[in-house]
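S.K.: Sharing a structure below in structure tokens format, with a few things to ask.
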Amino acid sequence: MTSTSSTSPIVAVARASSAVDFGYRRVELQRPRWSGAASLRAILVTLVLAVVTIAGVILSISTGTYDIPIGEVIGGLLGTADGGTVLVVREWRMPRALLAALFGIALGMSGAIFQSLTRNPLGSPDIIGFSSGSYTGALVVLLVTGGGYYAVAVGALAGGIVTALVVFVLAYRRGVQGFRLIIVGIGVSALLAALNTYLMLKASPEQQLTAGVWGSGSLNGVSVDQLVPVVVVLAVLVPSVLALSPALRVLELGDDAAGSLGSRPTGIRFATIVLGVALVALVTAAAGPIAFIALVAPQIARRLTRSAGVGLVAAGITGALLLVLSDFLAQRLFAPLQLPVGIVTVSVGGLYFVWLLIRETRRR
């Protein structure tokens, strides 16, 4: 997406070809004050992923101890089914399924931000340590003050931002290079892991049990009470991230090139880091640290769309699909026992690393 200024009348143009050959089919949209273009394949893939994600949400709502036919699920959502079905669909299952999709969007977009900033597929908040920082902040609030959801949310956000500041400052040498940011982040993450272990050892058995269940990353305890705050926060964060998307793409050219185009690399990098940390903190506060979605989703989306860079929207939708499917498996694999979704996502991440290792070995 690019932004331009124009005084011409409002003109909207959508076409699948351009006078300039970009090597792929594009859809362009032009307005007087801005214009944008995207790969036709990326748009179609994103739409297909969105449809599959919606199907996954409906499947998650319809199955369980008490199976509900798809038609009655729709009736429950619309309020036209019987009272019991409406209760199960609206109050019990829908919040969890929707929150899984929303958290997946947040993690996928956060991973895309950091992989774009570092220009490295390992540049995810899981690896750089920002997720650990959010976990530490939430853990301190949970163990020291025994605070509720909002207090934990503030702690997670504060922990993530403080960690981002520390990593940013330690990695800064006349600018921030992606590889240095990852190395410093891995070191800070190791220190935070040690701190988290110390905090758990100092806690009471009851606090250890609570923090241990929460720290494994679980959607078992989420409810409709968390749905509205999450939607409100995402309604602010997602448009803000998308607004910075053009500047982020320019930054992928390198600091010198971005600066020559009128961009401010340091300011843009800091703003996007804060937004990326806020997306991770939102998930951590409600469900605990959910690993690997932020790492895997952008790379899967990039390969499906065959794009050169990491697309924010495609990564977000892919993250939603991965987390919805992971939560479905967490609920159904050993039913009636429900696993923390973090265990499933770690397994998916392990398979991803194995595939990546085999792929790199074959290349050599």
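Following the order of the structure tokens, chains are lettered A, B, ..., residues in each are numbered from 1, and ligands are numbered from 1.
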Tell me which protein, DNA and RNA residues are within 9 Å of region 132-138 of chain A, counting only C-alpha atoms, leaving out same-chain ones fewer than 6 positions away, and put them as an mmCIF file with N, CA and C atoms, in the first residue's frame.

M.R.:
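Final output, saved to out-v6.cif:
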```cif
data_model
loop_
_atom_site.group_PDB
_atom_site.id
_atom_site.type_symbol
_atom_site.label_atom_id
_atom_site.label_comp_id
_atom_site.auth_asym_id
_atom_site.auth_seq_id
_atom_site.Cartn_x
_atom_site.Cartn_y
_atom_site.Cartn_z
ATOM 1 N N PRO A 125 8.071 -12.201 18.279
ATOM 2 C CA PRO A 125 8.106 -11.809 19.704
ATOM 3 C C PRO A 125 8.419 -12.970 20.624
ATOM 4 N N ASP A 126 8.160 -14.211 20.188
ATOM 5 C CA ASP A 126 8.538 -15.372 21.004
ATOM 6 C C ASP A 126 10.045 -15.457 21.153
ATOM 7 N N ALA A 151 -5.802 -5.703 35.790
ATOM 8 C CA ALA A 151 -4.485 -5.473 36.381
ATOM 9 C C ALA A 151 -3.424 -6.321 35.687
ATOM 10 N N VAL A 152 -3.780 -7.576 35.390
ATOM 11 C CA VAL A 152 -2.848 -8.452 34.677
ATOM 12 C C VAL A 152 -2.577 -7.915 33.267
ATOM 13 N N ALA A 153 -3.623 -7.376 32.632
ATOM 14 C CA ALA A 153 -3.452 -6.810 31.291
ATOM 15 C C ALA A 153 -2.477 -5.638 31.309
ATOM 16 N N VAL A 154 -2.620 -4.771 32.309
ATOM 17 C CA VAL A 154 -1.705 -3.630 32.424
ATOM 18 C C VAL A 154 -0.281 -4.126 32.695
ATOM 19 N N GLY A 155 -0.164 -5.137 33.581
ATOM 20 C CA GLY A 155 1.153 -5.698 33.866
ATOM 21 C C GLY A 155 1.801 -6.308 32.636
ATOM 22 N N ALA A 156 1.004 -7.028 31.828
ATOM 23 C CA ALA A 156 1.541 -7.645 30.615
ATOM 24 C C ALA A 156 1.997 -6.577 29.624
ATOM 25 N N LEU A 157 1.196 -5.534 29.471
ATOM 26 C CA LEU A 157 1.569 -4.468 28.543
ATOM 27 C C LEU A 157 2.832 -3.749 29.022
ATOM 28 N N ALA A 158 2.872 -3.448 30.330
ATOM 29 C CA ALA A 158 4.037 -2.749 30.877
ATOM 30 C C ALA A 158 5.295 -3.614 30.750
ATOM 31 N N GLY A 159 5.162 -4.910 31.069
ATOM 32 C CA GLY A 159 6.313 -5.803 30.956
ATOM 33 C C GLY A 159 6.822 -5.912 29.526
ATOM 34 N N GLY A 160 5.893 -5.997 28.575
ATOM 35 C CA GLY A 160 6.300 -6.090 27.177
ATOM 36 C C GLY A 160 6.982 -4.825 26.690
ATOM 37 N N ILE A 161 6.435 -3.662 27.057
ATOM 38 C CA ILE A 161 7.015 -2.392 26.603
ATOM 39 C C ILE A 161 8.387 -2.156 27.236
ATOM 40 N N VAL A 162 8.507 -2.455 28.545
ATOM 41 C CA VAL A 162 9.808 -2.288 29.205
ATOM 42 C C VAL A 162 10.849 -3.198 28.557
ATOM 43 N N THR A 163 10.455 -4.442 28.284
ATOM 44 C CA THR A 163 11.377 -5.363 27.609
ATOM 45 C C THR A 163 11.769 -4.851 26.230
ATOM 46 N N ALA A 164 10.774 -4.323 25.499
ATOM 47 C CA ALA A 164 11.066 -3.780 24.169
ATOM 48 C C ALA A 164 12.050 -2.617 24.264
ATOM 49 N N VAL A 188 18.005 -11.398 26.395
ATOM 50 C CA VAL A 188 17.055 -10.837 27.365
ATOM 51 C C VAL A 188 15.969 -11.858 27.698
ATOM 52 N N SER A 189 15.536 -12.619 26.694
ATOM 53 C CA SER A 189 14.516 -13.642 26.938
ATOM 54 C C SER A 189 15.014 -14.700 27.916
ATOM 55 N N ALA A 190 16.302 -15.077 27.800
ATOM 56 C CA ALA A 190 16.877 -16.069 28.722
ATOM 57 C C ALA A 190 16.904 -15.518 30.152
ATOM 58 N N LEU A 192 14.874 -13.248 31.366
ATOM 59 C CA LEU A 192 13.496 -13.186 31.852
ATOM 60 C C LEU A 192 12.979 -14.568 32.231
ATOM 61 N N ALA A 193 13.401 -15.600 31.483
ATOM 62 C CA ALA A 193 12.993 -16.967 31.834
ATOM 63 C C ALA A 193 13.515 -17.336 33.217
ATOM 64 N N LEU A 195 14.202 -15.174 35.600
ATOM 65 C CA LEU A 195 13.430 -14.373 36.563
ATOM 66 C C LEU A 195 12.055 -14.992 36.808
ATOM 67 N N ASN A 196 11.418 -15.466 35.743
ATOM 68 C CA ASN A 196 10.097 -16.087 35.896
ATOM 69 C C ASN A 196 10.178 -17.337 36.769
ATOM 70 N N LEU A 199 10.470 -16.215 40.364
ATOM 71 C CA LEU A 199 9.186 -15.742 40.891
ATOM 72 C C LEU A 199 8.279 -16.925 41.238
ATOM 73 N N GLY A 215 0.213 -19.864 32.729
ATOM 74 C CA GLY A 215 1.443 -19.702 31.952
ATOM 75 C C GLY A 215 1.601 -20.689 30.817
ATOM 76 N N VAL A 277 4.153 -5.142 20.469
ATOM 77 C CA VAL A 277 4.172 -5.603 21.864
ATOM 78 C C VAL A 277 2.767 -5.523 22.458
ATOM 79 N N VAL A 280 0.769 -8.546 21.450
ATOM 80 C CA VAL A 280 1.161 -9.737 22.218
ATOM 81 C C VAL A 280 0.664 -9.641 23.654
ATOM 82 N N ALA A 281 0.788 -8.457 24.249
ATOM 83 C CA ALA A 281 0.369 -8.281 25.645
ATOM 84 C C ALA A 281 -1.129 -8.508 25.807
ATOM 85 N N THR A 284 -1.497 -12.226 25.989
ATOM 86 C CA THR A 284 -0.893 -12.761 27.208
ATOM 87 C C THR A 284 -1.745 -12.458 28.434
ATOM 88 N N ALA A 285 -2.323 -11.281 28.466
ATOM 89 C CA ALA A 285 -3.120 -10.897 29.631
ATOM 90 C C ALA A 285 -4.357 -11.767 29.780
ATOM 91 N N GLY A 288 -2.601 -16.031 28.712
ATOM 92 C CA GLY A 288 -1.243 -16.488 28.976
ATOM 93 C C GLY A 288 -0.432 -16.500 27.692
ATOM 94 N N PRO A 289 0.851 -16.803 27.799
ATOM 95 C CA PRO A 289 1.699 -16.802 26.600
ATOM 96 C C PRO A 289 1.387 -17.977 25.683
#
```

S.K.: Can you pull out every residue within 12 Å of Leu251 (chain A), counting only C-alpha atoms, but drop anything in the same chain fewer than 2 positions away, and send it as a ChimeraX atom specification?

M.R.: /A:113-119,176-178,244-249,253-269,272,309

S.K.: In Å, with one decimal, what is the gap from CA of Thr46 (chain A) to CA of Ile273 (chain A)?

M.R.: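 Going from CA of Thr46 (chain A) over to CA of Ile273 (chain A), I get 24.4 Å.
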
S.K.: At what distance in Å, to one decimal, does CA of Ala297 (chain A) lie from CA of Ala315 (chain A)?

M.R.: 5.5 Å

S.K.: Give me the residues within 9 Å of Ala291 (chain A) as a PDB file with C-alpha atoms, in the first residue's frame, counting only C-alpha atoms and dropping any in the same chain fewer than 4 places off.

M.R.:
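Result file is part_29.pdb:
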```pdb
ATOM      1  CA  ASP A 126       8.538 -15.372  21.004  1.00  0.00           C
ATOM      2  CA  SER A 131       6.400 -12.379  24.887  1.00  0.00           C
ATOM      3  CA  GLY A 217      -1.349 -20.587  27.454  1.00  0.00           C
ATOM      4  CA  LEU A 295       6.491 -17.168  14.473  1.00  0.00           C
ATOM      5  CA  GLY A 342      -0.305 -23.563  24.191  1.00  0.00           C
ATOM      6  CA  ILE A 343       0.655 -27.251  24.195  1.00  0.00           C
ATOM      7  CA  THR A 345       0.747 -24.565  19.310  1.00  0.00           C
ATOM      8  CA  VAL A 346       4.139 -25.657  20.636  1.00  0.00           C
ATOM      9  CA  GLY A 349       5.814 -24.954  16.055  1.00  0.00           C
TER      10      GLY A 349
END
```

S.K.: Using only C-alpha atoms, which residues sit within 12 Å of Val238 (chain A) once same-chain residues fewer than 3 positions away are excluded, as an mmCIF file with N, CA and C atoms, in the first residue's frame?

M.R.:
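The new file out_0.cif reads:
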```cif
data_model
loop_
_atom_site.group_PDB
_atom_site.id
_atom_site.type_symbol
_atom_site.label_atom_id
_atom_site.label_comp_id
_atom_site.auth_asym_id
_atom_site.auth_seq_id
_atom_site.Cartn_x
_atom_site.Cartn_y
_atom_site.Cartn_z
ATOM 1 N N LEU A 102 -9.601 -13.921 17.286
ATOM 2 C CA LEU A 102 -9.066 -12.580 17.502
ATOM 3 C C LEU A 102 -7.630 -12.620 18.037
ATOM 4 N N PHE A 103 -7.373 -13.534 18.959
ATOM 5 C CA PHE A 103 -6.008 -13.664 19.472
ATOM 6 C C PHE A 103 -5.054 -14.119 18.373
ATOM 7 N N ILE A 105 -5.355 -13.397 15.206
ATOM 8 C CA ILE A 105 -5.083 -12.204 14.386
ATOM 9 C C ILE A 105 -4.003 -11.344 15.048
ATOM 10 N N ALA A 106 -4.142 -11.135 16.346
ATOM 11 C CA ALA A 106 -3.171 -10.304 17.067
ATOM 12 C C ALA A 106 -1.767 -10.903 16.999
ATOM 13 N N LEU A 107 -1.663 -12.215 17.225
ATOM 14 C CA LEU A 107 -0.347 -12.852 17.208
ATOM 15 C C LEU A 107 0.239 -12.879 15.804
ATOM 16 N N GLY A 108 -0.602 -13.174 14.804
ATOM 17 C CA GLY A 108 -0.102 -13.209 13.428
ATOM 18 C C GLY A 108 0.415 -11.856 12.968
ATOM 19 N N MET A 109 -0.333 -10.796 13.268
ATOM 20 C CA MET A 109 0.101 -9.459 12.866
ATOM 21 C C MET A 109 1.344 -9.034 13.642
ATOM 22 N N SER A 110 1.397 -9.401 14.928
ATOM 23 C CA SER A 110 2.581 -9.052 15.717
ATOM 24 C C SER A 110 3.823 -9.738 15.147
ATOM 25 N N ILE A 113 4.936 -7.999 12.003
ATOM 26 C CA ILE A 113 5.630 -6.737 12.289
ATOM 27 C C ILE A 113 7.103 -6.987 12.592
ATOM 28 N N VAL A 230 -11.423 -7.042 24.444
ATOM 29 C CA VAL A 230 -10.482 -7.448 23.391
ATOM 30 C C VAL A 230 -10.871 -6.823 22.053
ATOM 31 N N VAL A 231 -12.161 -6.831 21.739
ATOM 32 C CA VAL A 231 -12.624 -6.233 20.475
ATOM 33 C C VAL A 231 -12.310 -4.740 20.450
ATOM 34 N N VAL A 232 -12.537 -4.054 21.569
ATOM 35 C CA VAL A 232 -12.283 -2.611 21.622
ATOM 36 C C VAL A 232 -10.800 -2.303 21.421
ATOM 37 N N VAL A 233 -9.943 -3.051 22.108
ATOM 38 C CA VAL A 233 -8.499 -2.808 21.992
ATOM 39 C C VAL A 233 -8.010 -3.119 20.575
ATOM 40 N N LEU A 234 -8.486 -4.229 20.017
ATOM 41 C CA LEU A 234 -8.072 -4.567 18.647
ATOM 42 C C LEU A 234 -8.589 -3.544 17.637
ATOM 43 N N ALA A 235 -9.761 -2.966 17.915
ATOM 44 C CA ALA A 235 -10.305 -1.943 17.009
ATOM 45 C C ALA A 235 -9.409 -0.707 16.962
ATOM 46 N N VAL A 241 -1.829 -0.350 13.194
ATOM 47 C CA VAL A 241 -0.784 -1.141 12.532
ATOM 48 C C VAL A 241 -0.903 -1.028 11.018
ATOM 49 N N LEU A 242 -2.117 -1.127 10.498
ATOM 50 C CA LEU A 242 -2.310 -1.046 9.047
ATOM 51 C C LEU A 242 -1.932 0.339 8.522
ATOM 52 N N ALA A 243 -2.153 1.375 9.335
ATOM 53 C CA ALA A 243 -1.768 2.720 8.907
ATOM 54 C C ALA A 243 -0.257 2.855 8.758
ATOM 55 N N LEU A 244 0.493 2.110 9.568
ATOM 56 C CA LEU A 244 1.958 2.144 9.489
ATOM 57 C C LEU A 244 2.516 1.152 8.478
ATOM 58 N N SER A 245 1.632 0.363 7.877
ATOM 59 C CA SER A 245 2.094 -0.674 6.946
ATOM 60 C C SER A 245 2.915 -0.117 5.780
ATOM 61 N N THR A 272 6.134 0.891 15.659
ATOM 62 C CA THR A 272 5.639 -0.436 15.302
ATOM 63 C C THR A 272 5.994 -1.474 16.371
ATOM 64 N N LEU A 275 3.372 -1.125 19.057
ATOM 65 C CA LEU A 275 2.103 -1.725 18.628
ATOM 66 C C LEU A 275 2.190 -3.251 18.621
ATOM 67 N N GLY A 276 3.325 -3.786 18.149
ATOM 68 C CA GLY A 276 3.495 -5.241 18.140
ATOM 69 C C GLY A 276 3.495 -5.822 19.543
ATOM 70 N N ALA A 278 2.035 -4.465 22.131
ATOM 71 C CA ALA A 278 0.670 -4.329 22.663
ATOM 72 C C ALA A 278 -0.218 -5.474 22.178
ATOM 73 N N LEU A 279 -0.046 -5.902 20.929
ATOM 74 C CA LEU A 279 -0.834 -7.031 20.414
ATOM 75 C C LEU A 279 -0.513 -8.311 21.183
ATOM 76 N N LEU A 312 0.700 -8.112 6.417
ATOM 77 C CA LEU A 312 0.099 -8.036 7.749
ATOM 78 C C LEU A 312 -1.269 -8.705 7.792
ATOM 79 N N VAL A 313 -2.115 -8.397 6.807
ATOM 80 C CA VAL A 313 -3.481 -8.934 6.816
ATOM 81 C C VAL A 313 -3.467 -10.446 6.636
ATOM 82 N N GLY A 316 -2.265 -12.096 9.756
ATOM 83 C CA GLY A 316 -3.279 -12.070 10.811
ATOM 84 C C GLY A 316 -4.346 -13.136 10.608
#
```

S.K.: So how far away is CA of Ile293 (chain A) from CA of Pro340 (chain A), in Å?

M.R.: 14.2 Å

S.K.: Excluding Ala287 (chain A) and its own-chain neighbours fewer than 3 positions away, which residues fall within 8 Å of it when counting only C-alpha atoms? Please give them as an NGL selection string.

M.R.: :A and (214 or 217-219 or 221-222 or 283-284 or 290)

S.K.: Store the residues of this selection in a file with all heavy atoms, as a PDB file, in the first residue's frame.

M.R.:
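To be explicit, this is the file written out as part_35.pdb:
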```pdb
ATOM      1  N   TRP A 214      -2.073 -20.823  33.974  1.00  0.00           N
ATOM      2  CA  TRP A 214      -2.182 -19.641  33.106  1.00  0.00           C
ATOM      3  C   TRP A 214      -0.958 -19.531  32.200  1.00  0.00           C
ATOM      4  O   TRP A 214      -1.068 -19.165  31.028  1.00  0.00           O
ATOM      5  CB  TRP A 214      -2.335 -18.400  33.987  1.00  0.00           C
ATOM      6  CG  TRP A 214      -2.343 -17.124  33.229  1.00  0.00           C
ATOM      7  CD1 TRP A 214      -3.389 -16.566  32.560  1.00  0.00           C
ATOM      8  CD2 TRP A 214      -1.242 -16.242  33.060  1.00  0.00           C
ATOM      9  NE1 TRP A 214      -3.004 -15.389  31.976  1.00  0.00           N
ATOM     10  CE2 TRP A 214      -1.693 -15.162  32.270  1.00  0.00           C
ATOM     11  CE3 TRP A 214       0.086 -16.252  33.491  1.00  0.00           C
ATOM     12  CZ2 TRP A 214      -0.863 -14.113  31.914  1.00  0.00           C
ATOM     13  CZ3 TRP A 214       0.908 -15.217  33.138  1.00  0.00           C
ATOM     14  CH2 TRP A 214       0.436 -14.159  32.362  1.00  0.00           C
ATOM     15  N   GLY A 217      -0.601 -21.115  28.588  1.00  0.00           N
ATOM     16  CA  GLY A 217      -1.349 -20.587  27.454  1.00  0.00           C
ATOM     17  C   GLY A 217      -2.630 -21.351  27.224  1.00  0.00           C
ATOM     18  O   GLY A 217      -2.642 -22.368  26.521  1.00  0.00           O
ATOM     19  N   SER A 218      -3.709 -20.909  27.837  1.00  0.00           N
ATOM     20  CA  SER A 218      -4.961 -21.669  27.765  1.00  0.00           C
ATOM     21  C   SER A 218      -6.144 -20.750  27.498  1.00  0.00           C
ATOM     22  O   SER A 218      -6.209 -19.631  28.017  1.00  0.00           O
ATOM     23  CB  SER A 218      -5.175 -22.417  29.084  1.00  0.00           C
ATOM     24  OG  SER A 218      -6.420 -23.067  29.085  1.00  0.00           O
ATOM     25  N   LEU A 219      -7.084 -21.249  26.707  1.00  0.00           N
ATOM     26  CA  LEU A 219      -8.334 -20.531  26.465  1.00  0.00           C
ATOM     27  C   LEU A 219      -9.480 -21.128  27.277  1.00  0.00           C
ATOM     28  O   LEU A 219     -10.632 -20.746  27.081  1.00  0.00           O
ATOM     29  CB  LEU A 219      -8.685 -20.575  24.971  1.00  0.00           C
ATOM     30  CG  LEU A 219      -7.712 -19.860  24.034  1.00  0.00           C
ATOM     31  CD1 LEU A 219      -8.072 -20.122  22.578  1.00  0.00           C
ATOM     32  CD2 LEU A 219      -7.721 -18.363  24.298  1.00  0.00           C
ATOM     33  N   GLY A 221     -10.305 -20.702  30.309  1.00  0.00           N
ATOM     34  CA  GLY A 221     -10.960 -19.812  31.257  1.00  0.00           C
ATOM     35  C   GLY A 221     -11.549 -18.549  30.656  1.00  0.00           C
ATOM     36  O   GLY A 221     -12.109 -17.727  31.383  1.00  0.00           O
ATOM     37  N   VAL A 222     -11.430 -18.361  29.344  1.00  0.00           N
ATOM     38  CA  VAL A 222     -11.935 -17.119  28.752  1.00  0.00           C
ATOM     39  C   VAL A 222     -13.456 -17.170  28.668  1.00  0.00           C
ATOM     40  O   VAL A 222     -14.059 -18.238  28.574  1.00  0.00           O
ATOM     41  CB  VAL A 222     -11.338 -16.879  27.348  1.00  0.00           C
ATOM     42  CG1 VAL A 222      -9.836 -16.716  27.433  1.00  0.00           C
ATOM     43  CG2 VAL A 222     -11.711 -18.014  26.405  1.00  0.00           C
ATOM     44  N   VAL A 283      -2.985 -10.633  24.228  1.00  0.00           N
ATOM     45  CA  VAL A 283      -3.210 -12.080  24.277  1.00  0.00           C
ATOM     46  C   VAL A 283      -2.695 -12.654  25.591  1.00  0.00           C
ATOM     47  O   VAL A 283      -3.371 -13.462  26.248  1.00  0.00           O
ATOM     48  CB  VAL A 283      -2.522 -12.768  23.083  1.00  0.00           C
ATOM     49  CG1 VAL A 283      -2.735 -14.269  23.133  1.00  0.00           C
ATOM     50  CG2 VAL A 283      -3.054 -12.202  21.771  1.00  0.00           C
ATOM     51  N   THR A 284      -1.497 -12.226  25.989  1.00  0.00           N
ATOM     52  CA  THR A 284      -0.893 -12.761  27.208  1.00  0.00           C
ATOM     53  C   THR A 284      -1.745 -12.458  28.434  1.00  0.00           C
ATOM     54  O   THR A 284      -1.888 -13.298  29.330  1.00  0.00           O
ATOM     55  CB  THR A 284       0.512 -12.161  27.400  1.00  0.00           C
ATOM     56  OG1 THR A 284       1.297 -12.429  26.240  1.00  0.00           O
ATOM     57  CG2 THR A 284       1.203 -12.767  28.603  1.00  0.00           C
ATOM     58  N   ILE A 290       0.985 -17.686  24.446  1.00  0.00           N
ATOM     59  CA  ILE A 290       0.701 -18.721  23.441  1.00  0.00           C
ATOM     60  C   ILE A 290       1.819 -18.655  22.402  1.00  0.00           C
ATOM     61  O   ILE A 290       1.925 -17.683  21.647  1.00  0.00           O
ATOM     62  CB  ILE A 290      -0.670 -18.502  22.781  1.00  0.00           C
ATOM     63  CG1 ILE A 290      -1.778 -18.597  23.840  1.00  0.00           C
ATOM     64  CG2 ILE A 290      -0.911 -19.522  21.677  1.00  0.00           C
ATOM     65  CD1 ILE A 290      -3.166 -18.330  23.308  1.00  0.00           C
TER      66      ILE A 290
END
```

S.K.: Do a neighbour search on Gln207 (chain A) at 12 Å with only C-alpha atoms, toss out local chain neighbours closer than 6 positions, and write the hits as a PyMOL selection string.

M.R.: chain A and resi 139-147+199-201+213-215
